[in-house]
$ cat model_17.cif   # mmCIF, C-alpha atoms and all ligand atoms
data_structure
loop_
_atom_site.label_atom_id
_atom_site.label_comp_id
_atom_site.auth_asym_id
_atom_site.auth_seq_id
_atom_site.Cartn_x
_atom_site.Cartn_y
_atom_site.Cartn_z
CA MET V 1 21.88 13.63 6.98
CA LYS V 2 23.26 15.08 3.73
CA THR V 3 25.24 12.39 1.87
CA LYS V 4 28.35 13.80 0.16
CA LEU V 5 29.53 12.50 -3.20
CA LEU V 6 33.34 12.31 -3.02
CA ARG V 7 35.72 11.90 -5.95
CA ALA V 8 38.05 8.90 -6.10
CA ALA V 9 40.97 11.26 -5.38
CA ASP V 10 39.40 12.39 -2.05
CA SER V 11 40.87 9.48 -0.09
CA ALA V 12 41.91 11.75 2.78
CA ALA V 13 38.34 13.02 3.31
CA ALA V 14 36.92 9.48 3.20
CA ALA V 15 39.58 8.22 5.63
CA GLU V 16 38.77 11.08 7.99
CA ILE V 17 35.08 10.08 8.09
CA LEU V 18 36.03 6.45 8.81
CA ARG V 19 38.42 7.46 11.59
CA ALA V 20 35.65 9.58 13.14
CA GLY V 21 33.27 6.57 13.25
CA GLY V 22 31.17 7.47 10.19
CA LEU V 23 29.98 5.47 7.17
CA VAL V 24 31.43 5.81 3.66
CA ALA V 25 30.44 3.80 0.59
CA ILE V 26 33.60 2.67 -1.18
CA PRO V 27 34.21 1.40 -4.70
CA THR V 28 35.77 -2.04 -5.15
CA GLU V 29 36.40 -4.11 -8.27
CA THR V 30 33.45 -6.38 -7.36
CA VAL V 31 30.60 -4.20 -6.03
CA TYR V 32 30.40 -1.04 -3.89
CA GLY V 33 30.87 -1.62 -0.16
CA LEU V 34 29.38 0.25 2.80
CA GLY V 35 32.43 0.90 4.96
CA ALA V 36 33.09 1.64 8.62
CA ASN V 37 36.04 1.20 10.96
CA GLY V 38 35.89 -2.58 11.48
CA LEU V 39 37.41 -2.32 14.96
CA ASP V 40 34.84 0.22 16.22
CA ALA V 41 31.71 -1.61 17.37
CA ALA V 42 29.58 1.55 17.46
CA ALA V 43 30.56 2.47 13.88
CA VAL V 44 29.86 -1.08 12.65
CA GLU V 45 26.41 -1.00 14.32
CA LYS V 46 25.54 1.91 12.02
CA ILE V 47 26.13 -0.27 8.95
CA PHE V 48 23.48 -2.72 10.12
CA ALA V 49 21.04 0.14 10.73
CA ALA V 50 21.66 1.83 7.35
CA LYS V 51 21.24 -1.44 5.40
CA GLY V 52 18.47 -2.96 7.54
CA ARG V 53 20.79 -5.98 7.82
CA PRO V 54 20.16 -8.82 10.29
CA GLN V 55 22.67 -8.65 13.18
CA ASP V 56 23.79 -12.27 12.78
CA ASN V 57 25.16 -11.63 9.29
CA PRO V 58 28.93 -10.98 9.61
CA LEU V 59 30.90 -8.41 7.63
CA ILE V 60 34.07 -8.73 5.56
CA LEU V 61 37.17 -6.85 6.80
CA HIS V 62 38.98 -5.08 3.96
CA VAL V 63 42.72 -4.91 4.54
CA LYS V 64 45.68 -3.14 2.92
CA ASP V 65 47.55 -6.35 2.06
CA ALA V 66 48.48 -9.80 3.40
CA SER V 67 50.79 -8.27 6.00
CA TRP V 68 47.64 -7.25 7.95
CA LEU V 69 46.33 -10.84 8.19
CA ALA V 70 48.20 -11.58 11.42
CA ARG V 71 46.78 -8.42 13.05
CA TYR V 72 43.20 -9.66 12.85
CA CYS V 73 43.46 -13.45 12.38
CA GLU V 74 44.92 -16.33 14.40
CA ASP V 75 46.51 -19.54 13.14
CA VAL V 76 46.78 -18.21 9.59
CA PRO V 77 47.67 -21.27 7.47
CA PRO V 78 50.41 -21.06 4.82
CA LEU V 79 47.70 -21.65 2.19
CA ALA V 80 46.15 -18.26 3.08
CA TYR V 81 49.42 -16.52 2.29
CA ALA V 82 49.82 -18.52 -0.93
CA LEU V 83 46.28 -17.51 -2.01
CA ALA V 84 46.88 -13.86 -1.08
CA GLU V 85 50.13 -13.86 -3.02
CA ARG V 86 48.37 -15.14 -6.12
CA PHE V 87 44.97 -13.41 -5.95
CA TRP V 88 45.23 -10.23 -3.84
CA PRO V 89 44.36 -7.50 -4.38
CA GLY V 90 41.33 -9.20 -5.90
CA PRO V 91 37.91 -10.80 -5.54
CA LEU V 92 38.78 -13.44 -2.92
CA THR V 93 37.54 -13.39 0.70
CA MET V 94 39.17 -15.86 3.08
CA ILE V 95 37.46 -17.05 6.25
CA LEU V 96 40.03 -17.43 9.05
CA ARG V 97 40.02 -17.65 12.83
CA ARG V 98 39.65 -14.17 14.28
CA ARG V 99 41.63 -12.39 16.95
CA GLU V 100 39.89 -10.81 19.97
CA ILE V 101 40.65 -7.32 18.61
CA VAL V 102 37.85 -7.80 16.03
CA PRO V 103 34.56 -6.96 17.77
CA ASP V 104 31.66 -9.42 17.92
CA VAL V 105 29.38 -7.13 15.97
CA THR V 106 31.76 -7.28 12.97
CA THR V 107 31.84 -11.10 12.93
CA GLY V 108 28.20 -11.64 13.91
CA GLY V 109 29.50 -13.32 17.06
CA LEU V 110 31.44 -16.00 15.10
CA ASP V 111 34.98 -17.02 16.07
CA THR V 112 36.02 -16.53 12.44
CA VAL V 113 36.37 -13.45 10.26
CA GLY V 114 36.21 -12.86 6.50
CA VAL V 115 39.18 -10.90 5.13
CA ARG V 116 39.86 -9.49 1.71
CA CYS V 117 42.12 -6.99 -0.05
CA PRO V 118 40.06 -5.21 -2.73
CA ALA V 119 41.56 -4.30 -6.10
CA HIS V 120 40.52 -0.66 -6.42
CA PRO V 121 43.12 2.10 -6.13
CA ALA V 122 40.73 4.57 -4.45
CA THR V 123 39.74 2.13 -1.71
CA LEU V 124 43.29 0.89 -1.17
CA ALA V 125 44.31 4.55 -0.71
CA ILE V 126 41.46 5.08 1.78
CA ILE V 127 42.41 1.99 3.81
CA ALA V 128 46.06 3.08 3.88
CA ALA V 129 45.20 6.68 4.84
CA ALA V 130 42.81 5.56 7.60
CA ASP V 131 45.28 2.88 8.72
CA LEU V 132 42.24 0.77 9.70
CA PRO V 133 40.61 -2.42 8.45
CA VAL V 134 37.36 -1.38 6.80
CA ALA V 135 34.32 -3.56 7.56
CA ALA V 136 32.12 -3.42 4.48
CA PRO V 137 29.15 -5.41 3.27
CA SER V 138 27.77 -4.68 -0.18
CA ALA V 139 26.30 -1.15 -0.16
CA ASN V 140 22.73 -2.10 -1.12
CA THR V 141 19.75 -2.07 1.20
CA SER V 142 19.52 -5.59 2.64
CA GLY V 143 17.77 -7.96 0.22
CA ARG V 144 18.19 -5.73 -2.86
CA PRO V 145 20.65 -6.39 -5.70
CA SER V 146 24.21 -5.20 -4.96
CA CYS V 147 25.35 -1.77 -6.21
CA THR V 148 27.82 -1.53 -9.09
CA THR V 149 27.81 2.26 -9.55
CA ALA V 150 27.85 5.27 -7.20
CA ALA V 151 24.37 6.14 -8.53
CA ASP V 152 23.06 2.73 -7.38
CA VAL V 153 24.46 3.43 -3.92
CA MET V 154 22.79 6.85 -3.83
CA GLU V 155 19.48 5.20 -4.75
CA ASP V 156 19.70 3.01 -1.62
CA MET V 157 21.75 5.07 0.86
CA ASP V 158 21.14 8.80 0.18
CA GLY V 159 20.52 10.52 3.51
CA LYS V 160 21.64 7.50 5.57
CA ILE V 161 25.44 7.71 5.35
CA GLU V 162 28.10 10.43 5.40
CA ALA V 163 29.55 9.92 1.91
CA VAL V 164 29.82 7.88 -1.28
CA VAL V 165 33.17 7.70 -3.08
CA ASP V 166 32.61 7.56 -6.84
CA GLY V 167 35.17 5.17 -8.26
CA GLY V 168 33.30 4.50 -11.51
CA PRO V 169 31.42 1.34 -12.50
CA CYS V 170 32.70 -1.90 -10.92
CA ARG V 171 34.99 -3.89 -13.19
CA VAL V 172 33.91 -7.38 -12.01
CA GLY V 173 30.27 -6.76 -11.07
CA VAL V 174 29.62 -9.75 -8.76
CA GLU V 175 30.88 -10.02 -5.17
CA SER V 176 34.04 -11.80 -4.09
CA THR V 177 34.43 -15.56 -3.95
CA ILE V 178 34.31 -16.69 -0.31
CA LEU V 179 36.56 -19.56 0.75
CA ASP V 180 36.51 -21.04 4.26
CA LEU V 181 40.07 -21.97 5.24
CA THR V 182 39.16 -23.14 8.74
CA VAL V 183 38.07 -26.55 7.38
CA GLN V 184 39.78 -29.31 5.37
CA PRO V 185 39.38 -29.37 2.41
CA PRO V 186 38.70 -25.62 2.02
CA ARG V 187 35.05 -24.91 1.37
CA LEU V 188 33.47 -22.56 -1.18
CA LEU V 189 30.82 -20.57 0.69
CA ARG V 190 29.94 -18.20 -2.15
CA PRO V 191 30.98 -18.34 -5.82
CA GLY V 192 32.15 -14.92 -6.96
CA GLY V 193 34.51 -12.86 -9.06
CA LEU V 194 37.36 -15.36 -8.74
CA PRO V 195 36.42 -18.56 -10.63
CA LEU V 196 36.57 -21.84 -8.70
CA GLU V 197 38.84 -23.35 -11.36
CA GLU V 198 41.52 -20.71 -10.60
CA LEU V 199 41.26 -21.31 -6.85
CA GLU V 200 41.65 -25.05 -7.34
CA GLN V 201 44.94 -24.51 -9.13
CA VAL V 202 46.35 -23.28 -5.80
CA CYS V 203 44.22 -25.20 -3.24
CA GLY V 204 43.58 -28.54 -4.90
CA ALA V 205 40.06 -29.87 -4.30
CA VAL V 206 37.51 -27.45 -2.86
CA GLU V 207 34.24 -28.58 -1.31
CA ILE V 208 31.13 -26.64 -2.37
CA ASP V 209 28.79 -25.60 0.44
CA LYS V 210 25.21 -26.77 -0.03
CA ALA V 211 23.83 -23.23 0.33
CA VAL V 212 25.55 -22.35 -2.95
CA VAL V 213 23.46 -24.76 -5.00
CA ALA V 214 20.06 -25.04 -3.34
CA LEU V 215 17.57 -23.40 -1.06
CA LEU V 216 18.20 -24.64 2.47
CA LYS V 217 15.41 -26.36 4.34
CA PRO V 218 14.01 -24.79 7.52
CA GLY V 219 16.45 -25.55 10.36
CA GLU V 220 19.49 -25.95 8.06
CA HIS V 221 22.26 -23.41 8.75
CA PRO V 222 24.72 -22.32 6.06
CA LYS V 223 28.35 -21.64 6.99
CA ALA V 224 28.03 -18.09 5.54
CA PRO V 225 25.04 -16.70 7.43
CA GLY V 226 24.23 -14.32 4.56
CA MET V 227 23.49 -17.23 2.21
CA LYS V 228 20.27 -18.06 4.07
CA TYR V 229 18.54 -14.78 3.30
CA ARG V 230 16.44 -14.13 0.19
CA HIS V 231 18.80 -12.04 -1.86
CA TYR V 232 19.16 -9.85 -4.91
CA ALA V 233 15.44 -10.11 -5.38
CA PRO V 234 13.54 -7.76 -7.69
CA LYS V 235 9.94 -7.07 -6.72
CA ALA V 236 8.50 -9.35 -9.46
CA PRO V 237 8.99 -13.14 -9.13
CA VAL V 238 11.91 -14.55 -11.13
CA THR V 239 12.18 -17.91 -12.94
CA VAL V 240 15.61 -19.03 -14.15
CA VAL V 241 15.81 -21.32 -17.18
CA THR V 242 19.05 -23.28 -17.43
CA GLY V 243 20.34 -25.52 -20.21
CA ASP V 244 21.18 -24.88 -23.83
CA ALA V 245 20.52 -21.18 -24.58
CA ASP V 246 18.34 -21.90 -27.66
CA CYS V 247 16.19 -24.34 -25.70
CA ALA V 248 15.91 -21.89 -22.80
CA ALA V 249 14.78 -19.10 -25.15
CA GLU V 250 12.12 -21.34 -26.69
CA TYR V 251 10.93 -22.42 -23.26
CA ILE V 252 10.58 -18.81 -22.13
CA LEU V 253 8.71 -17.81 -25.31
CA ASP V 254 6.28 -20.68 -24.74
CA HIS V 255 5.59 -19.79 -21.11
CA ILE V 256 5.95 -16.03 -20.64
CA ALA V 257 2.77 -14.08 -19.87
CA PRO V 258 1.90 -10.77 -21.58
CA GLY V 259 3.55 -7.98 -19.55
CA GLY V 260 6.43 -10.23 -18.53
CA GLY V 261 10.11 -9.26 -18.48
CA VAL V 262 13.12 -11.19 -19.79
CA ILE V 263 16.80 -11.25 -18.89
CA CYS V 264 18.48 -12.77 -21.92
CA PHE V 265 21.77 -13.05 -23.75
CA ASP V 266 22.24 -10.31 -26.38
CA GLU V 267 21.88 -12.74 -29.29
CA PHE V 268 18.35 -13.66 -28.18
CA ALA V 269 16.96 -10.17 -27.52
CA PRO V 270 15.21 -9.87 -30.94
CA LEU V 271 13.08 -12.92 -30.07
CA PHE V 272 11.58 -11.06 -27.11
CA ALA V 273 10.73 -7.80 -28.90
CA HIS V 274 7.18 -7.85 -27.45
CA TYR V 275 8.40 -7.98 -23.85
CA THR V 276 10.49 -5.81 -21.53
CA VAL V 277 14.05 -7.01 -22.09
CA GLU V 278 17.31 -6.61 -20.18
CA ARG V 279 20.38 -7.90 -21.98
CA LEU V 280 22.90 -9.87 -19.96
CA GLY V 281 25.71 -9.59 -22.54
CA SER V 282 26.77 -12.02 -25.23
CA VAL V 283 26.20 -15.71 -24.56
CA PHE V 284 29.98 -16.08 -25.05
CA ASP V 285 31.06 -13.29 -22.66
CA LYS V 286 30.71 -14.29 -19.00
CA ALA V 287 32.76 -11.32 -17.77
CA GLU V 288 30.17 -9.01 -19.33
CA GLN V 289 27.32 -11.11 -17.86
CA ALA V 290 28.90 -10.69 -14.41
CA ARG V 291 29.12 -6.92 -14.90
CA ARG V 292 25.49 -6.76 -16.07
CA VAL V 293 23.65 -9.17 -13.77
CA PHE V 294 22.82 -6.85 -10.84
CA ASP V 295 21.94 -3.97 -13.14
CA ALA V 296 19.55 -6.24 -15.01
CA LEU V 297 17.87 -7.32 -11.76
CA ARG V 298 17.67 -3.72 -10.47
CA PHE V 299 16.23 -2.47 -13.77
CA PHE V 300 12.95 -4.36 -13.40
CA ASP V 301 12.06 -2.51 -10.20
CA HIS V 302 11.62 0.60 -12.37
CA THR V 303 9.12 -1.23 -14.60
CA GLY V 304 5.72 -2.75 -13.95
CA VAL V 305 6.55 -6.28 -15.15
CA SER V 306 4.46 -9.04 -13.58
CA GLU V 307 7.11 -11.75 -13.81
CA ILE V 308 10.74 -12.09 -14.88
CA TRP V 309 12.28 -14.94 -16.88
CA ALA V 310 16.04 -15.33 -17.12
CA GLN V 311 18.39 -17.28 -19.35
CA CYS V 312 21.34 -18.59 -17.37
CA PRO V 313 24.99 -19.33 -18.24
CA ASP V 314 26.57 -22.71 -17.55
CA GLU V 315 28.54 -23.16 -14.33
CA THR V 316 32.07 -22.89 -15.70
CA GLY V 317 34.32 -19.89 -14.94
CA LEU V 318 32.42 -16.75 -13.94
CA GLY V 319 29.21 -18.51 -15.02
CA ARG V 320 29.03 -20.14 -11.59
CA ALA V 321 28.72 -16.76 -9.85
CA VAL V 322 26.30 -15.29 -12.42
CA ALA V 323 24.10 -18.41 -12.24
CA ASN V 324 24.16 -18.31 -8.43
CA ARG V 325 23.02 -14.65 -8.31
CA LEU V 326 20.21 -15.30 -10.79
CA LYS V 327 19.08 -18.43 -8.93
CA LYS V 328 19.14 -16.65 -5.57
CA ALA V 329 17.07 -13.83 -7.07
CA ALA V 330 14.63 -16.55 -8.14
CA GLY V 331 14.58 -18.18 -4.69
CA PHE V 332 16.06 -21.20 -6.59
CA HIS V 333 12.97 -21.41 -8.80
CA VAL V 334 14.85 -23.02 -11.69
CA ILE V 335 13.71 -24.93 -14.78
CA ASP V 336 16.12 -27.02 -16.84
CA ALA V 337 15.02 -26.49 -20.45
CA ASP V 338 17.11 -29.43 -21.68
CA ARG V 339 15.40 -31.99 -19.51
CA ARG V 340 11.96 -30.53 -18.89
CA ASP V 341 10.79 -30.97 -22.47
CA GLU V 342 13.11 -32.68 -24.91
CA LYS V 343 10.73 -32.07 -27.79
CA LEU V 344 11.73 -28.41 -27.75
CA CYS V 345 15.15 -29.08 -29.26
O1 LIG F 401 32.93 -8.47 -3.03
C1 LIG F 401 32.54 -8.48 -1.86
O2 LIG F 401 32.77 -9.42 -1.10
C2 LIG F 401 31.79 -7.24 -1.35
C3 LIG F 401 32.74 -6.04 -1.41
C4 LIG F 401 32.16 -4.82 -0.80
O3 LIG F 401 33.96 -6.39 -0.81
N1 LIG F 401 31.27 -7.46 -0.04
C5 LIG F 401 30.22 -8.29 0.21
O4 LIG F 401 29.82 -8.32 1.54
O5 LIG F 401 29.66 -8.94 -0.65
P1 LIG F 401 28.40 -8.91 2.00
O6 LIG F 401 28.32 -8.57 3.44
O7 LIG F 401 27.32 -8.41 1.13
O8 LIG F 401 28.58 -10.45 1.87
C6 LIG F 401 29.47 -11.11 2.73
C7 LIG F 401 29.08 -12.54 2.90
C8 LIG F 401 27.80 -12.74 3.69
O9 LIG F 401 27.05 -13.79 3.08
C9 LIG F 401 28.29 -13.18 5.05
O10 LIG F 401 27.39 -14.03 5.72
C10 LIG F 401 29.59 -13.91 4.70
O11 LIG F 401 30.13 -13.15 3.65
N2 LIG F 401 30.58 -13.90 5.79
C11 LIG F 401 31.22 -12.85 6.35
N3 LIG F 401 32.00 -13.23 7.37
C12 LIG F 401 31.86 -14.56 7.48
C13 LIG F 401 32.39 -15.56 8.37
N4 LIG F 401 33.22 -15.25 9.36
N5 LIG F 401 32.02 -16.85 8.18
C14 LIG F 401 31.18 -17.18 7.17
N6 LIG F 401 30.64 -16.28 6.31
C15 LIG F 401 30.96 -15.00 6.46
MG MG F 402 25.58 -8.40 0.06
#
$ encode --input "model_17.cif" --output "structure tokens" --more "lines below"
Ligand code: TXA
Ligand code: MG
Amino acid sequence: MKTKLLRAADSAAAAEILRAGGLVAIPTETVYGLGANGLDAAAVEKIFAAKGRPQDNPLILHVKDASWLARYCEDVPPLAYALAERFWPGPLTMILRRREIVPDVTTGGLDTVGVRCPAHPATLAIIAAADLPVAAPSANTSGRPSCTTAADVMEDMDGKIEAVVDGGPCRVGVESTILDLTVQPPRLLRPGGLPLEELEQVCGAVEIDKAVVALLKPGEHPKAPGMKYRHYAPKAPVTVVTGDADCAAEYILDHIAPGGGVICFDEFAPLFAHYTVERLGSVFDKAEQARRVFDALRFFDHTGVSEIWAQCPDETGLGRAVANRLKKAAGFHVIDADRRDEKLC
């Protein structure tokens, strides 16, 4: 199949492909999505085939606005409307009880569905023109880092899908925050582009799902099925070093092997001049770190590095999502530089 590159203004062409049961990669403010008509089981099946995605991993339905919630979800609590009012369009996915109209293949057989309204004008225009909810996982091949440019999508999907809509680089860079509203208190299933602190201003206390902070043991099942898979992983093994940034840098310098790669904050790059370096952005700029994190992970697959070491932001604000993506890439192989060796500081 020849994959077309569409311009952001070509919403009518993209909508036409979706209505005909085809696949179109769409830009969002978080990461690129691989879209199909979320109500068409045969079209949704093609997403799983193109990505090599396990069938039990449900997809997010992308909607025009909160007025579509009642079409696809049952028992929508007032809190969902309050959150949509405050944060949509934006990087928040809400898990709600689904209506029968949403096919099993879209929800991975669950009786809930993830719903979000993305903040990208091109994709909002496509959803409106198609007049359909668009089921879209991130547009990467399953297991690889998510795509934040149309070129990334082409690298993974060229020849497998009808079209990619080029909406420029993603503004946020990490996927949406996922909040389960079918339980009390609401539960954070994935930290993302909307910081937990902002959610808590509207929801009050939020419980954090265990799969967010640690590798699950065999037999343990996360609430978001996708959280159990090894994710975002470059080919070389990754070790994340948390704690004070100076201590982390010293720890990495002491332990890195010749031929190793480093993901570090900009301020520390000169220290690693003898290694292959990807900069994550300034230590003070978490928004930039979020935009850079997947690119940094993808970059190393084009190099021959034997191992990758990463500095890691603290867990406040967007740091929680950046740290989660780095730790997942590392299979939760994490060293705390502050505690591991106090003599370093
Ligand atoms: O920012 C994003 O959310 C991007 C853009 C394209 O919107 N999408 C995205 O989709 O990250 P995906 O499929 O890569 O990740 C969705 C996650 C998976 O971990 C999946 O298991 C979880 O959401 N999920 C989807 N529906 C769910 C449900 N009903 N219950 C629990 N988890 C669900
Ligand atoms: Mg994904």
$ residues_around --input "model_17.cif" --residues "Val24 in chain V" --least-positions-apart "4" --cutoff "9 Å" --atoms "all atoms listed in the file" --output "PyMOL selection string"
chain V and resi 14-15+17-18+33-36+161-165
$ write_last_selection --input "model_17.cif" --atoms "C-alpha atoms" --output "PDB file, keeping the file's coordinate frame"
ATOM      1  CA  ALA V  14      36.920   9.480   3.200  1.00  0.00           C
ATOM      2  CA  ALA V  15      39.580   8.220   5.630  1.00  0.00           C
ATOM      3  CA  ILE V  17      35.080  10.080   8.090  1.00  0.00           C
ATOM      4  CA  LEU V  18      36.030   6.450   8.810  1.00  0.00           C
ATOM      5  CA  GLY V  33      30.870  -1.620  -0.160  1.00  0.00           C
ATOM      6  CA  LEU V  34      29.380   0.250   2.800  1.00  0.00           C
ATOM      7  CA  GLY V  35      32.430   0.900   4.960  1.00  0.00           C
ATOM      8  CA  ALA V  36      33.090   1.640   8.620  1.00  0.00           C
ATOM      9  CA  ILE V 161      25.440   7.710   5.350  1.00  0.00           C
ATOM     10  CA  GLU V 162      28.100  10.430   5.400  1.00  0.00           C
ATOM     11  CA  ALA V 163      29.550   9.920   1.910  1.00  0.00           C
ATOM     12  CA  VAL V 164      29.820   7.880  -1.280  1.00  0.00           C
ATOM     13  CA  VAL V 165      33.170   7.700  -3.080  1.00  0.00           C
TER      14      VAL V 165
END
$ residues_near_point --input "model_17.cif" --point "(23.8, -0.3, -6.4)" --cutoff "10 Å" --atoms "all atoms listed in the file" --output "list in words"
Val31, Tyr32, Gly33, Ser138, Ala139, Asn140, Thr141, Arg144, Pro145, Ser146, Cys147, Thr148, Thr149, Ala150, Ala151, Asp152, Val153, Met154, Glu155, Asp156, Met157, Pro169, Phe294, Asp295 and Arg298 of chain V
$ residues_around --input "model_17.cif" --residues "Val172 in chain V" --least-positions-apart "4" --cutoff "10 Å" --atoms "all atoms listed in the file" --output "count of residues only"
18
$ closest_residue --input "model_17.cif" --among "V:Asn324, V:Thr123, V:Gln184, V:Thr316" --to "Val213 in chain V" --atoms "only C-alpha atoms"
V:Asn324
$ residues_around --input "model_17.cif" --residues "Ala249 in chain V" --least-positions-apart "5" --cutoff "10 Å" --atoms "all atoms listed in the file" --output "list in words"
Val241, Thr242, Gly243, Asp244, Asp254, Val262, Cys264, Phe265, Phe268, Ala269, Leu271, Phe272, Trp309, Ala310, Gln311 and Ala337 of chain V
$ decode --input "model_17.cif" --residues "range 184-202 of chain V" --atoms "N, CA and C atoms" --output "PDB file, in the first residue's frame"
ATOM      1  N   GLN V 184     -14.041   4.911  43.015  1.00  0.00           N
ATOM      2  CA  GLN V 184     -13.987   6.003  43.993  1.00  0.00           C
ATOM      3  C   GLN V 184     -12.858   5.726  44.982  1.00  0.00           C
ATOM      4  N   PRO V 185     -11.915   6.610  45.223  1.00  0.00           N
ATOM      5  CA  PRO V 185     -11.694   7.843  44.478  1.00  0.00           C
ATOM      6  C   PRO V 185     -11.213   7.542  43.055  1.00  0.00           C
ATOM      7  N   PRO V 186     -11.258   8.534  42.149  1.00  0.00           N
ATOM      8  CA  PRO V 186     -10.755   8.302  40.793  1.00  0.00           C
ATOM      9  C   PRO V 186      -9.308   7.825  40.843  1.00  0.00           C
ATOM     10  N   ARG V 187      -8.944   7.016  39.850  1.00  0.00           N
ATOM     11  CA  ARG V 187      -7.608   6.425  39.890  1.00  0.00           C
ATOM     12  C   ARG V 187      -6.776   6.828  38.668  1.00  0.00           C
ATOM     13  N   LEU V 188      -5.540   7.229  38.926  1.00  0.00           N
ATOM     14  CA  LEU V 188      -4.612   7.579  37.840  1.00  0.00           C
ATOM     15  C   LEU V 188      -4.028   6.294  37.274  1.00  0.00           C
ATOM     16  N   LEU V 189      -4.357   6.005  36.000  1.00  0.00           N
ATOM     17  CA  LEU V 189      -3.846   4.779  35.379  1.00  0.00           C
ATOM     18  C   LEU V 189      -2.567   5.041  34.580  1.00  0.00           C
ATOM     19  N   ARG V 190      -2.401   6.283  34.136  1.00  0.00           N
ATOM     20  CA  ARG V 190      -1.166   6.634  33.412  1.00  0.00           C
ATOM     21  C   ARG V 190      -0.919   8.122  33.605  1.00  0.00           C
ATOM     22  N   PRO V 191       0.268   8.513  34.141  1.00  0.00           N
ATOM     23  CA  PRO V 191       0.559   9.945  34.202  1.00  0.00           C
ATOM     24  C   PRO V 191       0.831  10.428  32.784  1.00  0.00           C
ATOM     25  N   GLY V 192       0.448  11.661  32.478  1.00  0.00           N
ATOM     26  CA  GLY V 192       0.635  12.130  31.103  1.00  0.00           C
ATOM     27  C   GLY V 192       0.699  13.634  31.026  1.00  0.00           C
ATOM     28  N   GLY V 193       0.252  14.159  29.910  1.00  0.00           N
ATOM     29  CA  GLY V 193       0.414  15.580  29.601  1.00  0.00           C
ATOM     30  C   GLY V 193      -0.337  16.514  30.517  1.00  0.00           C
ATOM     31  N   LEU V 194      -1.311  16.014  31.258  1.00  0.00           N
ATOM     32  CA  LEU V 194      -1.998  16.854  32.242  1.00  0.00           C
ATOM     33  C   LEU V 194      -1.484  16.468  33.638  1.00  0.00           C
ATOM     34  N   PRO V 195      -0.765  17.387  34.312  1.00  0.00           N
ATOM     35  CA  PRO V 195      -0.177  17.028  35.608  1.00  0.00           C
ATOM     36  C   PRO V 195      -1.226  16.640  36.646  1.00  0.00           C
ATOM     37  N   LEU V 196      -0.862  15.673  37.484  1.00  0.00           N
ATOM     38  CA  LEU V 196      -1.747  15.189  38.552  1.00  0.00           C
ATOM     39  C   LEU V 196      -2.228  16.336  39.454  1.00  0.00           C
ATOM     40  N   GLU V 197      -1.323  17.278  39.732  1.00  0.00           N
ATOM     41  CA  GLU V 197      -1.681  18.384  40.630  1.00  0.00           C
ATOM     42  C   GLU V 197      -2.869  19.181  40.075  1.00  0.00           C
ATOM     43  N   GLU V 198      -2.921  19.337  38.739  1.00  0.00           N
ATOM     44  CA  GLU V 198      -4.033  20.096  38.140  1.00  0.00           C
ATOM     45  C   GLU V 198      -5.330  19.309  38.215  1.00  0.00           C
ATOM     46  N   LEU V 199      -5.229  17.988  38.009  1.00  0.00           N
ATOM     47  CA  LEU V 199      -6.419  17.126  38.129  1.00  0.00           C
ATOM     48  C   LEU V 199      -6.987  17.193  39.536  1.00  0.00           C
ATOM     49  N   GLU V 200      -6.096  17.141  40.516  1.00  0.00           N
ATOM     50  CA  GLU V 200      -6.538  17.103  41.917  1.00  0.00           C
ATOM     51  C   GLU V 200      -7.271  18.379  42.320  1.00  0.00           C
ATOM     52  N   GLN V 201      -6.977  19.469  41.624  1.00  0.00           N
ATOM     53  CA  GLN V 201      -7.712  20.708  41.928  1.00  0.00           C
ATOM     54  C   GLN V 201      -9.202  20.547  41.636  1.00  0.00           C
ATOM     55  N   VAL V 202      -9.540  19.679  40.679  1.00  0.00           N
ATOM     56  CA  VAL V 202     -10.950  19.477  40.324  1.00  0.00           C
ATOM     57  C   VAL V 202     -11.522  18.240  41.027  1.00  0.00           C
TER      58      VAL V 202
END
